[in-house]
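Okay, run-v4.txt now, which holds compact mmCIF, C-alpha atoms:
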# COMPACT_ATOMS: atom_id res chain seq x y z
CA MET P 1351 -195.00 152.63 142.67
CA SER P 1352 -197.95 152.69 145.01
CA SER P 1353 -198.22 155.35 147.67
CA LYS P 1354 -197.51 152.80 150.34
CA ASP P 1355 -194.10 152.13 148.72
CA SER P 1356 -193.14 155.82 148.46
CA ILE P 1357 -190.55 157.39 150.77
CA PRO P 1358 -192.39 159.58 153.26
CA ASN P 1359 -191.90 163.22 152.37
CA CYS P 1360 -190.83 164.13 155.92
CA ALA P 1361 -188.11 161.44 155.92
CA ALA P 1362 -186.81 162.47 152.52
CA ALA P 1363 -186.75 166.12 153.56
CA ALA P 1364 -184.88 165.27 156.75
CA VAL P 1365 -182.29 162.92 155.25
CA LEU P 1366 -181.71 164.34 151.78
CA VAL P 1367 -180.91 167.90 152.77
CA ARG P 1368 -179.02 169.76 150.06
CA SER P 1369 -175.54 170.99 150.98
CA GLU P 1370 -174.20 174.43 150.36
CA GLY P 1371 -170.97 174.60 148.40
CA VAL P 1372 -167.77 174.23 150.45
CA PRO P 1373 -165.14 177.01 150.28
CA ASP P 1374 -162.66 176.78 147.41
CA ASP P 1375 -159.76 176.38 149.86
CA ALA P 1376 -161.38 173.56 151.89
CA GLN P 1377 -158.94 170.69 152.48
CA PRO P 1378 -160.13 167.13 151.80
CA ILE P 1379 -159.44 164.63 154.58
CA ARG P 1380 -156.79 162.15 153.53
CA GLY P 1381 -154.33 160.14 155.58
CA TYR P 1382 -151.03 158.49 154.79
CA ASP P 1383 -150.95 155.72 152.19
CA PHE P 1384 -148.68 152.92 153.39
CA GLU P 1385 -148.59 151.56 149.85
CA ASN P 1386 -145.86 154.17 149.45
CA GLY P 1387 -143.72 152.44 152.05
CA VAL P 1388 -142.69 153.68 155.49
CA ASP P 1389 -141.65 157.32 155.30
CA TYR P 1390 -142.02 158.98 158.70
CA ASN P 1391 -141.59 162.50 157.40
CA ALA P 1392 -144.30 161.95 154.78
CA LEU P 1393 -146.49 160.25 157.39
CA LEU P 1394 -146.28 163.15 159.84
CA SER P 1395 -146.81 165.63 157.01
CA THR P 1396 -150.23 164.08 156.34
CA TYR P 1397 -151.40 164.72 159.91
CA ILE P 1398 -152.60 168.23 159.05
CA ASN P 1399 -155.28 166.73 156.78
CA THR P 1400 -156.01 163.61 158.86
CA GLY P 1401 -158.47 165.25 161.26
CA PHE P 1402 -158.98 165.27 165.03
CA GLN P 1403 -155.80 165.68 167.12
CA ALA P 1404 -153.59 164.75 164.16
CA THR P 1405 -154.73 168.01 162.55
CA SER P 1406 -153.99 169.89 165.79
CA PHE P 1407 -150.50 168.37 165.71
CA GLY P 1408 -150.09 169.47 162.10
CA ARG P 1409 -151.12 173.01 163.05
CA ALA P 1410 -148.62 172.93 165.94
CA VAL P 1411 -145.86 172.01 163.47
CA ASP P 1412 -146.81 174.93 161.23
CA ILE P 1413 -146.90 177.38 164.15
CA VAL P 1414 -143.56 176.29 165.63
CA ASN P 1415 -141.94 176.50 162.20
CA LYS P 1416 -143.25 180.06 161.90
CA MET P 1417 -141.75 180.87 165.32
CA CYS P 1418 -138.39 179.55 164.13
CA ALA P 1419 -138.51 181.32 160.76
CA TRP P 1420 -139.66 184.78 161.88
CA ARG P 1421 -137.21 187.68 161.67
CA LEU P 1422 -137.78 191.33 162.46
CA SER P 1423 -136.92 192.04 158.82
CA ASP P 1424 -140.22 190.35 157.91
CA GLU P 1425 -142.04 193.35 159.39
CA PRO P 1426 -142.22 196.91 158.04
CA VAL P 1427 -140.14 199.53 159.83
CA ALA P 1428 -142.33 201.40 162.31
CA GLU P 1429 -142.28 205.17 162.66
CA ASN P 1430 -141.14 204.95 166.29
CA ASP P 1431 -138.34 202.42 165.65
CA CYS P 1432 -134.94 203.50 166.95
CA GLU P 1433 -131.94 203.78 164.65
CA GLU P 1434 -130.71 200.27 165.48
CA ASP P 1435 -134.15 198.78 164.76
CA ARG P 1436 -134.06 200.41 161.33
CA ASP P 1437 -130.80 198.73 160.32
CA LEU P 1438 -131.56 195.90 157.85
CA GLU P 1439 -128.77 193.56 158.98
CA TYR P 1440 -129.81 193.99 162.59
CA ARG P 1441 -133.43 193.31 161.67
CA LYS P 1442 -132.40 190.09 159.95
CA SER P 1443 -130.68 188.95 163.17
CA VAL P 1444 -133.65 189.50 165.50
CA LYS P 1445 -135.63 186.30 166.03
CA CYS P 1446 -138.87 185.38 167.72
CA LYS P 1447 -138.23 184.80 171.43
CA ILE P 1448 -139.36 181.26 172.24
CA PHE P 1449 -140.54 180.39 175.76
CA LEU P 1450 -140.57 176.67 176.58
CA GLY P 1451 -142.44 175.46 179.66
CA TYR P 1452 -142.74 171.90 180.95
CA THR P 1453 -143.84 170.05 184.05
CA SER P 1454 -141.57 167.94 186.25
CA ASN P 1455 -142.83 164.53 185.08
CA LEU P 1456 -141.47 165.24 181.60
CA VAL P 1457 -137.94 165.66 182.93
CA SER P 1458 -138.39 162.43 184.86
CA SER P 1459 -139.28 160.82 181.53
CA GLY P 1460 -137.20 160.56 178.38
CA ILE P 1461 -138.51 163.94 177.22
CA ARG P 1462 -135.58 165.31 179.22
CA GLU P 1463 -133.29 164.39 176.32
CA THR P 1464 -135.50 166.25 173.83
CA ILE P 1465 -135.47 169.38 175.99
CA LYS P 1466 -131.71 169.06 176.46
CA TYR P 1467 -131.27 168.96 172.66
CA LEU P 1468 -133.16 172.23 172.28
CA VAL P 1469 -131.19 173.93 175.05
CA LYS P 1470 -127.80 172.57 173.96
CA ASN P 1471 -128.38 173.95 170.48
CA SER P 1472 -129.83 177.28 171.72
CA MET P 1473 -133.11 176.68 169.92
CA VAL P 1474 -135.22 178.15 172.73
CA ASP P 1475 -134.66 181.37 174.64
CA VAL P 1476 -136.40 181.06 178.03
CA LEU P 1477 -137.23 177.99 180.12
CA VAL P 1478 -139.90 177.71 182.81
CA SER P 1479 -140.22 174.60 184.94
CA SER P 1480 -141.56 173.40 188.23
CA ALA P 1481 -139.12 172.46 191.00
CA GLY P 1482 -139.27 168.79 190.07
CA GLY P 1483 -138.33 169.65 186.51
CA VAL P 1484 -135.13 171.18 187.86
CA GLU P 1485 -134.07 168.68 190.51
CA GLU P 1486 -134.89 165.56 188.46
CA ASP P 1487 -132.42 166.69 185.80
CA PHE P 1488 -129.61 166.92 188.34
CA ILE P 1489 -130.64 163.70 190.07
CA LYS P 1490 -130.46 161.82 186.76
CA CYS P 1491 -126.83 162.91 186.48
CA LEU P 1492 -126.20 161.17 189.80
CA ALA P 1493 -128.29 158.00 189.38
CA PRO P 1494 -130.84 156.66 186.87
CA THR P 1495 -134.63 156.57 186.88
CA TYR P 1496 -136.08 153.21 185.85
CA LEU P 1497 -139.05 151.94 183.89
CA GLY P 1498 -141.74 150.47 186.15
CA ASP P 1499 -145.50 150.01 185.79
CA PHE P 1500 -148.58 152.08 186.57
CA THR P 1501 -150.05 149.18 188.55
CA LEU P 1502 -147.23 148.68 191.07
CA GLU P 1503 -148.66 148.87 194.59
CA GLY P 1504 -147.75 151.96 196.58
CA ARG P 1505 -147.51 150.17 199.95
CA ALA P 1506 -145.05 147.61 198.60
CA LEU P 1507 -142.95 150.26 196.89
CA ARG P 1508 -142.82 152.40 200.02
CA SER P 1509 -141.50 149.49 202.06
CA LYS P 1510 -138.67 149.11 199.56
CA GLY P 1511 -137.80 152.81 199.35
CA LEU P 1512 -138.97 153.09 195.75
CA ASN P 1513 -140.90 156.11 194.48
CA ARG P 1514 -143.30 155.85 191.54
CA ILE P 1515 -143.89 158.58 188.94
CA GLY P 1516 -146.57 157.06 186.72
CA ASN P 1517 -144.78 154.03 185.27
CA LEU P 1518 -141.33 155.28 186.26
CA ILE P 1519 -139.45 154.25 189.40
CA VAL P 1520 -137.00 156.46 191.29
CA PRO P 1521 -135.07 154.76 194.14
CA ASN P 1522 -135.10 156.95 197.23
CA ASP P 1523 -131.32 156.61 197.38
CA ASN P 1524 -131.25 158.96 194.39
CA TYR P 1525 -132.55 161.77 196.60
CA CYS P 1526 -129.96 160.94 199.25
CA LYS P 1527 -127.26 161.31 196.59
CA PHE P 1528 -128.86 164.60 195.57
CA GLU P 1529 -128.62 165.84 199.15
CA ASP P 1530 -124.95 164.86 199.37
CA TRP P 1531 -124.28 166.78 196.15
CA ILE P 1532 -126.29 169.94 196.78
CA VAL P 1533 -125.64 170.70 200.46
CA PRO P 1534 -122.00 171.82 199.97
CA ILE P 1535 -123.19 174.06 197.13
CA LEU P 1536 -125.86 175.62 199.36
CA ASP P 1537 -123.17 176.16 202.01
CA GLN P 1538 -121.03 178.00 199.47
CA MET P 1539 -123.98 180.06 198.27
CA LEU P 1540 -124.71 181.12 201.84
CA LYS P 1541 -121.05 182.07 202.28
CA GLU P 1542 -121.15 184.22 199.12
CA GLN P 1543 -124.38 185.84 200.32
CA LYS P 1544 -122.80 186.80 203.63
CA GLU P 1545 -119.34 187.78 202.42
CA ASP P 1546 -120.00 189.17 198.93
CA GLY P 1547 -123.58 190.39 199.23
CA THR P 1548 -124.79 187.99 196.53
CA VAL P 1549 -128.55 188.13 196.09
CA TRP P 1550 -129.79 184.71 195.05
CA THR P 1551 -132.91 184.23 192.94
CA PRO P 1552 -134.39 180.93 191.71
CA SER P 1553 -132.91 181.52 188.24
CA LYS P 1554 -129.47 182.33 189.69
CA VAL P 1555 -129.62 179.20 191.86
CA ILE P 1556 -130.42 177.04 188.81
CA HIS P 1557 -127.67 178.75 186.81
CA ARG P 1558 -125.20 177.95 189.59
CA LEU P 1559 -126.36 174.35 189.89
CA GLY P 1560 -126.03 173.94 186.13
CA LYS P 1561 -122.43 175.10 186.41
CA GLU P 1562 -121.72 172.80 189.36
CA ILE P 1563 -123.24 169.66 187.82
CA ASN P 1564 -120.85 170.00 184.85
CA HIS P 1565 -122.52 167.09 183.04
CA PRO P 1566 -123.34 166.97 179.30
CA ASP P 1567 -126.59 165.05 179.92
CA SER P 1568 -128.00 167.93 181.96
CA ILE P 1569 -130.53 170.42 180.59
CA TYR P 1570 -129.31 173.05 183.03
CA TYR P 1571 -125.64 172.48 182.32
CA TRP P 1572 -126.37 173.59 178.74
CA ALA P 1573 -128.62 176.40 179.95
CA TYR P 1574 -125.65 177.60 182.00
CA LYS P 1575 -123.23 177.20 179.07
CA ASN P 1576 -125.54 179.03 176.65
CA ASN P 1577 -126.77 181.59 179.17
CA ILE P 1578 -130.42 180.59 178.74
CA PRO P 1579 -132.45 181.75 181.76
CA VAL P 1580 -134.50 179.19 183.68
CA TYR P 1581 -137.36 180.45 185.82
CA CYS P 1582 -138.92 178.35 188.56
CA PRO P 1583 -141.32 180.43 190.69
CA ALA P 1584 -142.16 177.44 192.92
CA ILE P 1585 -138.59 176.34 193.49
CA THR P 1586 -139.36 175.10 197.02
CA ASP P 1587 -142.13 172.72 195.83
CA GLY P 1588 -140.06 169.55 195.54
CA SER P 1589 -136.87 167.89 196.68
CA LEU P 1590 -135.07 171.21 196.22
CA GLY P 1591 -137.44 172.62 198.82
CA ASP P 1592 -136.69 169.68 201.10
CA MET P 1593 -132.97 170.41 200.81
CA LEU P 1594 -133.51 174.10 201.52
CA TYR P 1595 -135.69 173.20 204.50
CA PHE P 1596 -133.01 170.92 205.99
CA HIS P 1597 -130.30 173.47 205.21
CA SER P 1598 -132.23 176.19 207.06
CA TYR P 1599 -131.74 174.17 210.28
CA ARG P 1600 -128.13 173.18 209.68
CA SER P 1601 -126.93 176.55 208.37
CA PRO P 1602 -129.68 179.17 208.67
CA GLY P 1603 -129.72 182.34 206.61
CA LEU P 1604 -129.85 181.53 202.91
CA VAL P 1605 -132.35 183.84 201.16
CA ILE P 1606 -133.79 183.32 197.67
CA ASP P 1607 -135.48 186.43 196.21
CA VAL P 1608 -138.45 185.67 193.93
CA VAL P 1609 -139.22 189.35 193.25
CA GLN P 1610 -136.10 189.84 191.13
CA ASP P 1611 -137.10 186.83 189.04
CA ILE P 1612 -140.66 187.98 188.34
CA ARG P 1613 -139.23 191.26 187.09
CA ALA P 1614 -136.67 189.42 184.95
CA MET P 1615 -139.26 186.99 183.57
CA ASN P 1616 -141.73 189.72 182.66
CA THR P 1617 -138.94 191.76 181.10
CA GLU P 1618 -138.10 188.80 178.84
CA ALA P 1619 -141.59 189.12 177.37
CA VAL P 1620 -141.81 192.92 177.33
CA ARG P 1621 -138.57 193.25 175.33
CA ALA P 1622 -139.42 190.52 172.83
CA LYS P 1623 -140.02 191.83 169.30
CA LYS P 1624 -142.02 188.66 168.66
CA SER P 1625 -143.02 186.07 171.24
CA GLY P 1626 -143.76 182.38 170.84
CA VAL P 1627 -144.77 180.00 173.63
CA ILE P 1628 -144.62 176.20 173.73
CA ILE P 1629 -146.08 174.77 176.90
CA LEU P 1630 -146.06 171.06 177.78
CA GLY P 1631 -148.52 170.29 180.56
CA GLY P 1632 -150.35 172.85 182.63
CA GLY P 1633 -150.54 174.48 186.01
CA LEU P 1634 -147.84 176.83 187.21
CA VAL P 1635 -145.52 176.69 184.19
CA LYS P 1636 -148.37 177.41 181.78
CA HIS P 1637 -149.68 180.36 183.74
CA HIS P 1638 -146.24 181.82 184.46
CA ILE P 1639 -145.35 182.02 180.77
CA CYS P 1640 -148.75 183.29 179.69
CA ASN P 1641 -148.89 185.89 182.45
CA ALA P 1642 -145.46 187.24 181.50
CA ASN P 1643 -146.73 187.66 177.95
CA LEU P 1644 -149.68 189.65 179.28
CA MET P 1645 -147.12 192.40 179.94
CA ARG P 1646 -146.71 192.80 176.17
CA ASN P 1647 -150.44 192.36 175.43
CA GLY P 1648 -150.02 188.73 174.49
CA ALA P 1649 -147.85 186.18 172.71
CA ASP P 1650 -147.80 186.11 168.91
CA TYR P 1651 -147.64 182.31 168.65
CA ALA P 1652 -148.81 179.66 171.12
CA VAL P 1653 -148.74 175.86 171.21
CA PHE P 1654 -150.21 174.02 174.19
CA VAL P 1655 -149.79 170.25 174.60
CA ASN P 1656 -151.70 168.61 177.45
CA THR P 1657 -154.56 166.27 178.26
CA ALA P 1658 -156.53 168.58 180.56
CA GLN P 1659 -160.14 169.53 179.80
CA GLU P 1660 -161.65 172.98 180.32
CA PHE P 1661 -164.98 172.02 181.93
CA ASP P 1662 -163.54 172.39 185.46
CA GLY P 1663 -162.30 175.92 184.84
CA SER P 1664 -158.66 174.99 185.42
CA ASP P 1665 -155.83 176.95 183.86
CA ALA P 1666 -154.35 173.66 182.67
CA GLY P 1667 -157.50 172.82 180.73
CA ALA P 1668 -158.00 176.26 179.22
CA ARG P 1669 -157.72 176.56 175.46
CA PRO P 1670 -155.64 179.37 173.92
CA ASP P 1671 -158.79 181.39 173.29
CA GLU P 1672 -159.31 181.79 177.05
CA ALA P 1673 -155.82 183.31 177.28
CA VAL P 1674 -156.82 185.70 174.49
CA SER P 1675 -159.59 187.02 176.74
CA TRP P 1676 -156.97 187.92 179.37
CA GLY P 1677 -154.55 189.52 176.91
CA LYS P 1678 -152.00 186.73 177.39
CA ILE P 1679 -152.19 185.68 173.73
CA LYS P 1680 -152.82 188.28 171.03
CA ALA P 1681 -156.24 188.29 169.39
CA ASP P 1682 -154.65 187.76 165.97
CA ALA P 1683 -152.07 185.21 167.19
CA GLU P 1684 -151.68 181.78 165.65
CA SER P 1685 -152.38 179.25 168.36
CA VAL P 1686 -153.43 175.66 168.91
CA LYS P 1687 -153.93 173.20 171.74
CA VAL P 1688 -153.00 169.59 171.08
CA TYR P 1689 -154.99 167.32 173.34
CA ALA P 1690 -152.35 164.66 173.79
CA GLU P 1691 -149.81 163.31 176.26
CA ALA P 1692 -146.55 165.14 175.70
CA SER P 1693 -144.23 162.12 175.80
CA LEU P 1694 -146.00 160.87 172.67
CA VAL P 1695 -146.17 164.17 170.83
CA PHE P 1696 -143.26 166.41 171.73
CA PRO P 1697 -140.40 164.38 170.16
CA LEU P 1698 -142.41 164.22 166.92
CA LEU P 1699 -143.06 167.96 167.08
CA VAL P 1700 -139.36 168.66 167.54
CA ALA P 1701 -138.51 166.26 164.69
CA GLN P 1702 -140.77 168.19 162.30
CA THR P 1703 -139.59 171.63 163.40
CA PHE P 1704 -136.42 172.43 165.32
CA ALA P 1705 -134.45 169.32 164.30
CA LYS P 1706 -135.47 169.63 160.66
CA ASN P 1707 -134.50 173.30 160.61
CA ASN P 1708 -131.15 172.76 162.35
Could you quickly redo this structure as structure tokens?
Amino acid sequence: MSSKDSIPNCAAAAVLVRSEGVPDDAQPIRGYDFENGVDYNALLSTYINTGFQATSFGRAVDIVNKMCAWRLSDEPVAENDCEEDRDLEYRKSVKCKIFLGYTSNLVSSGIRETIKYLVKNSMVDVLVSSAGGVEEDFIKCLAPTYLGDFTLEGRALRSKGLNRIGNLIVPNDNYCKFEDWIVPILDQMLKEQKEDGTVWTPSKVIHRLGKEINHPDSIYYWAYKNNIPVYCPAITDGSLGDMLYFHSYRSPGLVIDVVQDIRAMNTEAVRAKKSGVIILGGGLVKHHICNANLMRNGADYAVFVNTAQEFDGSDAGARPDEAVSWGKIKADAESVKVYAEASLVFPLLVAQTFAKNN
């Protein structure tokens, strides 16, 4: 071959770089083979080796399963353990405390039923939601939310008294029904405050409303039945706040103490022998759970599911490693962020973890 037909040395050196050996435990990328038929469990099990966000989903499945499986008996007895903590049967009964946080839009969506399943079956220990994530559950017991479209024009909807949440539609009459239902309860709560000295907190209000709704479709009915605490530090930021605002004119005096709840929420984390967090969405619910776990020098397991990016410095966009820097997740914790929309991912995550283990 003449020199003019030879590969230039610089090109060969640039393109044909020799690889170092890969680690012995490196996992080859391989997806599901549909020649084997349609097997959803097998399909989802291949996600861990599929790459990209499928691998993040697979890691989330592994981490949640570890949360569910952990028992205090898995750990060696510490020198400073009390007598009860040394008892083997007691150690076998102590589970990882699982915090579940979610934003209001997910309760507006069909994810409400997935959350209700977890609460009904006592699969999670602490709930944190925004105000909308509380009120929308009760409102759905009174009247349905409907499927709409992202492109429906706001002006036209407003003229018809229809509210849009993404591609969901909530008739404004639903909120009128909510007012009719909740005002007598607020009246009774005010009466108990004045006559019995009851100190209301957001979690106590939600507990009471869960009792009053008495509906098997409700997340908070089952939270009430199973005594699962629900924390909502921004309880006034939604229709619940509207109702409290109107009630303050009609029957002034109702007080809701947030200080008791921050102590109770932080104590949930401090007393946990092992802590796992699952957070759908971002903002307040994400920070509230993570900050409570700061009080114990961080969660042991963490799964974030949201679409937010970190370039704007938002808490919603922050990866678990940023929370490690604050002491909100332990440095040696197992954690993952799944960059995905929760209505797509969360039912599948529950199917591969809690539901399979039940």
In Å, with one decimal, what is the gap from CA of Asn1656 in chain P to CA of Gly1631 in chain P? 4.8 Å
Go through P:Ile1489, P:Val1414, P:Ala1642, P:Leu1477 one by one, measure the shortest atom-to-atom distance of each to Cys1582 in chain P using only C-alpha atoms, and give the residue with the smallest value.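 Counting only C-alpha atoms, the residue closest to Cys1582 in chain P is P:Leu1477.
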Residue neighbourhood Asp1665 in chain P, 10 Å, all atoms listed in the file, exclusion window fewer than 2 positions, as an MDAnalysis selection string: chainID P and resid 1632:1634 1636:1637 1658:1660 1662:1663 1667:1669 1672:1673
Atoms to include: C-alpha atoms. Write the selected residues as a JSON list (two decimals), in the coordinates of the input.
[["chain", "number", "residue", "atom", "x", "y", "z"],
["P", 1632, "GLY", "CA", -150.35, 172.85, 182.63],
["P", 1633, "GLY", "CA", -150.54, 174.48, 186.01],
["P", 1634, "LEU", "CA", -147.84, 176.83, 187.21],
["P", 1636, "LYS", "CA", -148.37, 177.41, 181.78],
["P", 1637, "HIS", "CA", -149.68, 180.36, 183.74],
["P", 1658, "ALA", "CA", -156.53, 168.58, 180.56],
["P", 1659, "GLN", "CA", -160.14, 169.53, 179.80],
["P", 1660, "GLU", "CA", -161.65, 172.98, 180.32],
["P", 1662, "ASP", "CA", -163.54, 172.39, 185.46],
["P", 1663, "GLY", "CA", -162.30, 175.92, 184.84],
["P", 1667, "GLY", "CA", -157.50, 172.82, 180.73],
["P", 1668, "ALA", "CA", -158.00, 176.26, 179.22],
["P", 1669, "ARG", "CA", -157.72, 176.56, 175.46],
["P", 1672, "GLU", "CA", -159.31, 181.79, 177.05],
["P", 1673, "ALA", "CA", -155.82, 183.31, 177.28]]
For range 1517-1547 of chain P against range 1597-1609 of chain P, with a cut-off of 12 Å and counting all atoms listed in the file, what is the closest atom pair and its distance in Å to one decimal for every residue that makes the cut, ordered by chain and number, as a tab-separated table?
residue	atom	partner	partner_atom	distance
P:Glu1529	CA	P:His1597	CA	9.9
P:Asp1530	CA	P:His1597	CA	11.7
P:Ile1532	CA	P:His1597	CA	10.0
P:Val1533	CA	P:His1597	CA	7.2
P:Pro1534	CA	P:His1597	CA	10.0
P:Ile1535	CA	P:His1597	CA	10.8
P:Leu1536	CA	P:His1597	CA	7.7
P:Asp1537	CA	P:Ser1601	CA	7.4
P:Gln1538	CA	P:Leu1604	CA	10.1
P:Met1539	CA	P:Leu1604	CA	7.6
P:Leu1540	CA	P:Leu1604	CA	5.3
P:Lys1541	CA	P:Leu1604	CA	8.8
P:Glu1542	CA	P:Leu1604	CA	9.9
P:Gln1543	CA	P:Leu1604	CA	7.4
P:Lys1544	CA	P:Gly1603	CA	8.8
P:Gly1547	CA	P:Val1605	CA	11.1
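In this structure, CA of Val1555 in chain P sits 25.2 Å away from CA of Ile1515 in chain P.
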Just the residues within 8 Å of range 1685-1701 of chain P, please, counting only C-alpha atoms, with nothing from its chain fewer than 2 positions along; format it as a VMD selection string. chain P and resid 1403 1406 to 1407 1409 to 1411 1413 1456 1459 to 1461 1464 1630 to 1631 1651 to 1658 1669 to 1670 1683 1703 to 1706
May I ask which of the residues P:Tyr1390, P:Phe1449, P:Phe1384, P:Tyr1397 is the closest one to Ala1622 in chain P, counting only C-alpha atoms?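 Selected residue with least distance to Ala1622 in chain P: P:Phe1449.
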Would you list the residues near (-141.7, 155.2, 184.9), meaning any protein, DNA or RNA residue with an atom at most 10 Å from that point in file coordinates, counting only C-alpha atoms, as number ranges by chain? P: 1455, 1458-1460, 1495-1500, 1513-1520
Expressed in Å to a single decimal, how great is the separation between CA of Leu1559 in chain P and CA of Glu1485 in chain P? 9.6 Å
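Checking P:Ala1363, P:Met1593, P:Ile1379, P:Val1620 one by one against Phe1402 in chain P, counting all atoms listed in the file, you find the shortest gap at P:Ile1379.
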Which residues are near Ser1568 in chain P? Cut-off 7 Å, all atoms listed in the file, ignore same chain within fewer than 2 positions. Put them as an MDAnalysis selection string. chainID P and resid 1466 1487:1488 1491 1565:1566 1570:1572
Using all atoms of range 1414-1417 of chain P that appear in the file, construct an axis-aligned enclosing box with 3 Å of padding on every side and provide its centre coordinates and edge lengths in Å, rounded to one decimal, as JSON.
{"center_x": -142.7, "center_y": 178.6, "center_z": 163.8, "size_x": 7.8, "size_y": 10.6, "size_z": 9.7}
My list of candidates is P:Arg1421, P:Gln1702, P:Ile1357, P:Glu1545. Which is closest to Thr1396 in chain P when distances are computed with all atoms listed in the file?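 Among the listed residues, the smallest separation from Thr1396 in chain P belongs to P:Gln1702.
Counting all atoms listed in the file and comparing P:Asp1587, P:Asp1592, P:Asp1611, P:Glu1503, the residue that lies closest to Lys1554 in chain P is P:Asp1611.
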Nearest residue to Ile1679 in chain P from the set P:Pro1583, P:Gly1511, P:Gly1626, P:Gly1401 (distances using all atoms listed in the file):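 Answer, going by the shortest atom-to-atom distance: P:Gly1626.
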Leaving out Ala1584 in chain P and any residue of its chain fewer than 2 positions from it, which residues lie within 12 Å of it when counting all atoms listed in the file, given as an MDAnalysis selection string? chainID P and resid 1453:1454 1478:1484 1551:1553 1581:1582 1586:1591 1606:1608 1611:1612 1633:1635 1638
Once you count only C-alpha atoms, which residues end up no further than 10 Å from (-158.0, 161.9, 152.2) in the file's frame, shown as JSON, numbers by chain? {"P": [1377, 1378, 1379, 1380, 1381, 1382, 1383, 1396, 1399, 1400, 1401]}
Would you save the residues from that selection as a PDB file, in the coordinates of the input, using C-alpha atoms?
ATOM      1  CA  GLN P1377    -158.940 170.690 152.480  1.00  0.00           C
ATOM      2  CA  PRO P1378    -160.130 167.130 151.800  1.00  0.00           C
ATOM      3  CA  ILE P1379    -159.440 164.630 154.580  1.00  0.00           C
ATOM      4  CA  ARG P1380    -156.790 162.150 153.530  1.00  0.00           C
ATOM      5  CA  GLY P1381    -154.330 160.140 155.580  1.00  0.00           C
ATOM      6  CA  TYR P1382    -151.030 158.490 154.790  1.00  0.00           C
ATOM      7  CA  ASP P1383    -150.950 155.720 152.190  1.00  0.00           C
ATOM      8  CA  THR P1396    -150.230 164.080 156.340  1.00  0.00           C
ATOM      9  CA  ASN P1399    -155.280 166.730 156.780  1.00  0.00           C
ATOM     10  CA  THR P1400    -156.010 163.610 158.860  1.00  0.00           C
ATOM     11  CA  GLY P1401    -158.470 165.250 161.260  1.00  0.00           C
TER      12      GLY P1401
END
With a cut-off of 12 Å, could you pull out the residues of range 1575-1694 of chain P touching range 1437-1447 of chain P and give me the nearest pair of atoms for each, distance in Å to one decimal, using all atoms listed in the file, ordered by chain and ascending number, as JSON lines?
{"residue": "P:Ile1578", "atom": "CA", "partner": "P:Lys1447", "partner_atom": "CA", "distance": 11.5}
{"residue": "P:Thr1617", "atom": "CA", "partner": "P:Lys1447", "partner_atom": "CA", "distance": 11.9}
{"residue": "P:Glu1618", "atom": "CA", "partner": "P:Lys1447", "partner_atom": "CA", "distance": 8.4}
{"residue": "P:Ala1619", "atom": "CA", "partner": "P:Lys1447", "partner_atom": "CA", "distance": 8.1}
{"residue": "P:Val1620", "atom": "CA", "partner": "P:Lys1447", "partner_atom": "CA", "distance": 10.7}
{"residue": "P:Arg1621", "atom": "CA", "partner": "P:Lys1447", "partner_atom": "CA", "distance": 9.3}
{"residue": "P:Ala1622", "atom": "CA", "partner": "P:Lys1447", "partner_atom": "CA", "distance": 6.0}
{"residue": "P:Lys1623", "atom": "CA", "partner": "P:Cys1446", "partner_atom": "CA", "distance": 6.7}
{"residue": "P:Lys1624", "atom": "CA", "partner": "P:Cys1446", "partner_atom": "CA", "distance": 4.6}
{"residue": "P:Ser1625", "atom": "CA", "partner": "P:Lys1447", "partner_atom": "CA", "distance": 5.0}
{"residue": "P:Gly1626", "atom": "CA", "partner": "P:Lys1447", "partner_atom": "CA", "distance": 6.1}
{"residue": "P:Val1627", "atom": "CA", "partner": "P:Lys1447", "partner_atom": "CA", "distance": 8.4}
{"residue": "P:Ile1628", "atom": "CA", "partner": "P:Lys1447", "partner_atom": "CA", "distance": 11.0}
{"residue": "P:Asn1643", "atom": "CA", "partner": "P:Lys1447", "partner_atom": "CA", "distance": 11.1}
{"residue": "P:Ala1649", "atom": "CA", "partner": "P:Lys1447", "partner_atom": "CA", "distance": 9.8}
{"residue": "P:Asp1650", "atom": "CA", "partner": "P:Cys1446", "partner_atom": "CA", "distance": 9.0}
{"residue": "P:Tyr1651", "atom": "CA", "partner": "P:Cys1446", "partner_atom": "CA", "distance": 9.3}
{"residue": "P:Ala1652", "atom": "CA", "partner": "P:Lys1447", "partner_atom": "CA", "distance": 11.8}
